[in-house]
Amino acid sequence: MLAGKNISFNYDNNCVLNTISFQAQPQRITCFIGKSGAGKSTLLRCIAGLEKINAGLFLFDQNSLAELSPQARAQTIGFVAQQFNLFPHMTVLQNCAQPLQLVLGLEQKQAETKALCILASLGMEAYANVYPATLSGGQQQRVAIARALGLDPAVLILDEPTSALDPENTRILVEVLQQCAQNGKIVIVSSQDIAFLKLIRDWVYLLEDGKIVESLDIQKDPIDRKSCIQEFLRL
Amino acid sequence: MFEFLYEAAPLLMRGAALTLYLWLGSAILSLSLGIVSGIVRSKQWRPNLLAYILDVITFVLRGIPFYVQLLIAYFVVPNLLGFAPSAETTSIIALGLCSAAYTSQTVRGCIDALPLGQWEACAVLGYSRYQTLRFVILPQAMRTMLPTLTNELDQLLKSTTIISSIGVLELTRVGMNIIARDMKPLPAYLTIAAIYLIISSLLQLLGQTCERKAAYVSR
């Protein structure tokens with residue numbers, strides 16, 4: 001389980017996250033929803049270690065993430081940014097295989113075999129030898145997910161994953177994320193895409209002005225018409 | 001003209017060889033110091049004390065004409081050091097340092113122009129700083145810095161002519177000596193110009209080849 005305890009983050013004296021606590025379970029997709037500027041992306045960046053929190057701590061299976069080395073953290077948390085951030089000078093296969101060589105220390109052949117296997121599981125093996133710039137947004141995203149999954153992280157985080165996707169690619173993404181969750185991973189996403197969130201229908205946290213104002217387990221909790229989350233998602 | 005070439009060719013070739021030696025020495029110095037300095041001064045490595053020191057050095061080297069730097073290096077620095085390196089060594093160091101300041105700016109600018117997301121992708125994948133630079137940042141930055149670096153190395157070749165002012169017998173100085181001896185400026189200047197043009201063309205050809213090798217599909 002991944003948990004955040006009293007997380008606070010300030011940016012230039014501006015409080016972006018205010019004593020946030022949450023938990024994300026394996027085999028579940030945890031969604032952080034809210035309007036633009038609510039702090040969703042910042043929270044995910046903090047979990048991924050891209051921002052230094054001012055207070056609080058993140059716990060993974062009762063161990064603080066802050067104590068992990070960058071390599072160990074990368075093998076615990078996989079992060080897919082909104083812009084995917086693929087390496088444009090490498091082919092799809094190189095994008096996925098290189099981290100396996102550099103971080104896990106695999107031989108090139110082993111790394112490429114493993115990377116191809118993951119690309120195949122996401123339906124991207126046919127594009128192994130092309131450059132990312134020639135792919136569509138949805139395909140680039142699947143490559144970014146494949147790259148993150150290569151290190152076999154226990155947690156997979158996606159920031160605004162549907163911002164560049166059409167409905168068909170959104171549906172494919174939901175299937176991929178549900179598959180990851182079924183494989184025992186903790187999946188965390190931030191989104192304000194109602195159609196996507198309705199397809200996910202899992203654990204949801206609503207953020208407003210850097211605070212979690214409500215959480216809801218859509219699979220289990222009873223429908224409450226007064227719920228802000230249900231109002232947000234128009235359930 | 002052919003008679004002139006026949007008589008002057010050995011001297012001109014010796015001058016051209018020294019010009020190439022001065023150019024190669026200062027180019028190695030310029031690229032090695034400039035690339036390291038550009039990396040240290042890039043946004044992602046700041047703040048660090050070395051970057052601020054290099055900022056000042058770069059500012060000074062870019063602010064003073066190379067001719068003045070050469071005169072200081074040749075006439076003033078030996079007095080401060082207590083020993084005098086050869087004119088060739090002094091020229092290579094002065095030219096290399098001056099050019100390194102411009103190379104440093106080019107490298108820093110091209111690294112800073114890359115999206116922050118590339119650094120972040122490496123961080124979340126667990127890459128070390130060296131791995132990030134070696135495998136992700138420099139290969140991408142190299143594509144944009146190559147034309148400017150080729151330009152800088154070409155400019156460096158032209159700047160070797162200034163070294164003739166401290167008596168180093170590089171190509172231009174050799175040509176001027178031949179003119180003083182034979183009083184035939186036209187064939188001498190034309191020959192010197194042609195030699196510079198040939199070396200410069202080869203350099204630009206090399207630059208274009210490197211650019212083609214560094215190219216990748218992008219949008």
# chains A, B, ... in the order shown; residues from 1 in each chain; ligands from 1
call {"tool": "select_by_dssp", "arguments": {"residues": "stretch 22-218 of chain A", "states": "strand (DSSP E)", "output": "PyMOL selection string"}}
result
chain A and resi 22-24+29-33+55-60+63-64+77-80+155-159+186-191+203-208+211-217
call {"tool": "interface_residues", "arguments": {"of": "chain A", "to": "chain B", "cutoff": "6 Å", "atoms": "only C-alpha atoms", "output": "PDB file with C-alpha atoms, in the first residue's frame"}}
result
ATOM      1  CA  PRO A  70      16.834   7.233  -6.910  1.00  0.00           C
ATOM      2  CA  GLN A  71      17.312   3.789  -8.491  1.00  0.00           C
ATOM      3  CA  ALA A  74      12.418   4.235  -9.840  1.00  0.00           C
ATOM      4  CA  ASN A  85       8.565  12.740 -22.177  1.00  0.00           C
ATOM      5  CA  HIS A  89      16.455  10.575 -30.435  1.00  0.00           C
ATOM      6  CA  ALA A 133       7.642  11.506 -33.243  1.00  0.00           C
TER       7      ALA A 133
END
call {"tool": "closest_residue", "arguments": {"among": "A:Leu59, A:Val80, A:Pro26, A:Ser21", "to": "A:Ala148", "atoms": "only C-alpha atoms"}}
result
A:Val80
call {"tool": "atom_distance", "arguments": {"atom1": "atom CA of A:Gln179", "atom2": "atom CA of A:Met124"}}
result
15.6 Å
call {"tool": "atom_distance", "arguments": {"atom1": "atom CA of A:Leu2", "atom2": "atom CA of A:Ala181"}}
result
13.7 Å
call {"tool": "residues_around", "arguments": {"residues": "B:Ser201", "least_positions_apart": "5", "cutoff": "12 Å", "atoms": "only C-alpha atoms", "output": "ChimeraX atom specification"}}
result
/B:150-151,153-154,157,194-196,206-208
call {"tool": "write_last_selection", "arguments": {"atoms": "N, CA and C atoms", "output": "CSV table (one decimal), in the first residue's frame"}}
result
chain,number,residue,atom,x,y,z
B,150,THR,N,30.4,24.0,-35.5
B,150,THR,CA,31.2,24.0,-36.8
B,150,THR,C,31.6,25.5,-37.1
B,151,ASN,N,30.6,26.4,-36.9
B,151,ASN,CA,30.9,27.8,-37.2
B,151,ASN,C,32.0,28.3,-36.3
B,153,LEU,N,34.4,26.6,-34.9
B,153,LEU,CA,35.7,26.0,-35.3
B,153,LEU,C,36.2,26.6,-36.6
B,154,ASP,N,35.3,27.0,-37.4
B,154,ASP,CA,35.7,27.7,-38.7
B,154,ASP,C,36.2,29.1,-38.3
B,157,LEU,N,39.7,28.9,-37.1
B,157,LEU,CA,40.7,28.8,-38.2
B,157,LEU,C,41.1,30.2,-38.7
B,194,ALA,N,43.3,30.5,-51.1
B,194,ALA,CA,42.8,29.2,-51.6
B,194,ALA,C,43.0,28.2,-50.5
B,195,ILE,N,44.2,28.2,-49.9
B,195,ILE,CA,44.5,27.2,-48.8
B,195,ILE,C,43.5,27.3,-47.7
B,196,TYR,N,43.2,28.5,-47.2
B,196,TYR,CA,42.2,28.7,-46.2
B,196,TYR,C,40.9,28.2,-46.6
B,206,LEU,N,32.9,18.2,-42.9
B,206,LEU,CA,32.9,17.3,-41.7
B,206,LEU,C,31.7,17.7,-40.8
B,207,GLY,N,31.5,19.0,-40.6
B,207,GLY,CA,30.3,19.4,-39.8
B,207,GLY,C,29.0,18.9,-40.4
B,208,GLN,N,28.8,19.0,-41.7
B,208,GLN,CA,27.6,18.5,-42.3
B,208,GLN,C,27.4,17.0,-42.1
call {"tool": "residues_around", "arguments": {"residues": "stretch 5-7 of chain A", "least_positions_apart": "2", "cutoff": "7 Å", "atoms": "only C-alpha atoms", "output": "ChimeraX atom specification"}}
result
/A:3,9,17-22,53,55-58
call {"tool": "atom_distance", "arguments": {"atom1": "atom CA of A:Gly150", "atom2": "atom CA of A:Ile194"}}
result
29.3 Å
call {"tool": "closest_residue", "arguments": {"among": "A:Ile157, A:Ala126, A:Ala115, A:Ala164", "to": "A:Ile186", "atoms": "only C-alpha atoms"}}
result
A:Ile157
call {"tool": "residues_around", "arguments": {"residues": "A:Leu207", "least_positions_apart": "6", "cutoff": "9 Å", "atoms": "only C-alpha atoms", "output": "number ranges by chain"}}
result
A: 32-35, 38-40, 213-214
call {"tool": "closest_residue", "arguments": {"among": "B:Ala17, B:Leu156, B:Val68, B:Val76", "to": "B:Ser200", "atoms": "only C-alpha atoms"}}
result
B:Leu156
call {"tool": "residues_around", "arguments": {"residues": "A:Arg171", "least_positions_apart": "5", "cutoff": "9 Å", "atoms": "only C-alpha atoms", "output": "list in words"}}
result
Asp166, Val176, Phe196 and Leu199 of chain A
call {"tool": "select_by_dssp", "arguments": {"residues": "stretch 61-197 of chain B", "states": "alpha helix (DSSP H)", "output": "PyMOL selection string"}}
result
chain B and resi 61-63+66-71+77-81+87-112+116-125+129-131+138-159+171-182+185-197
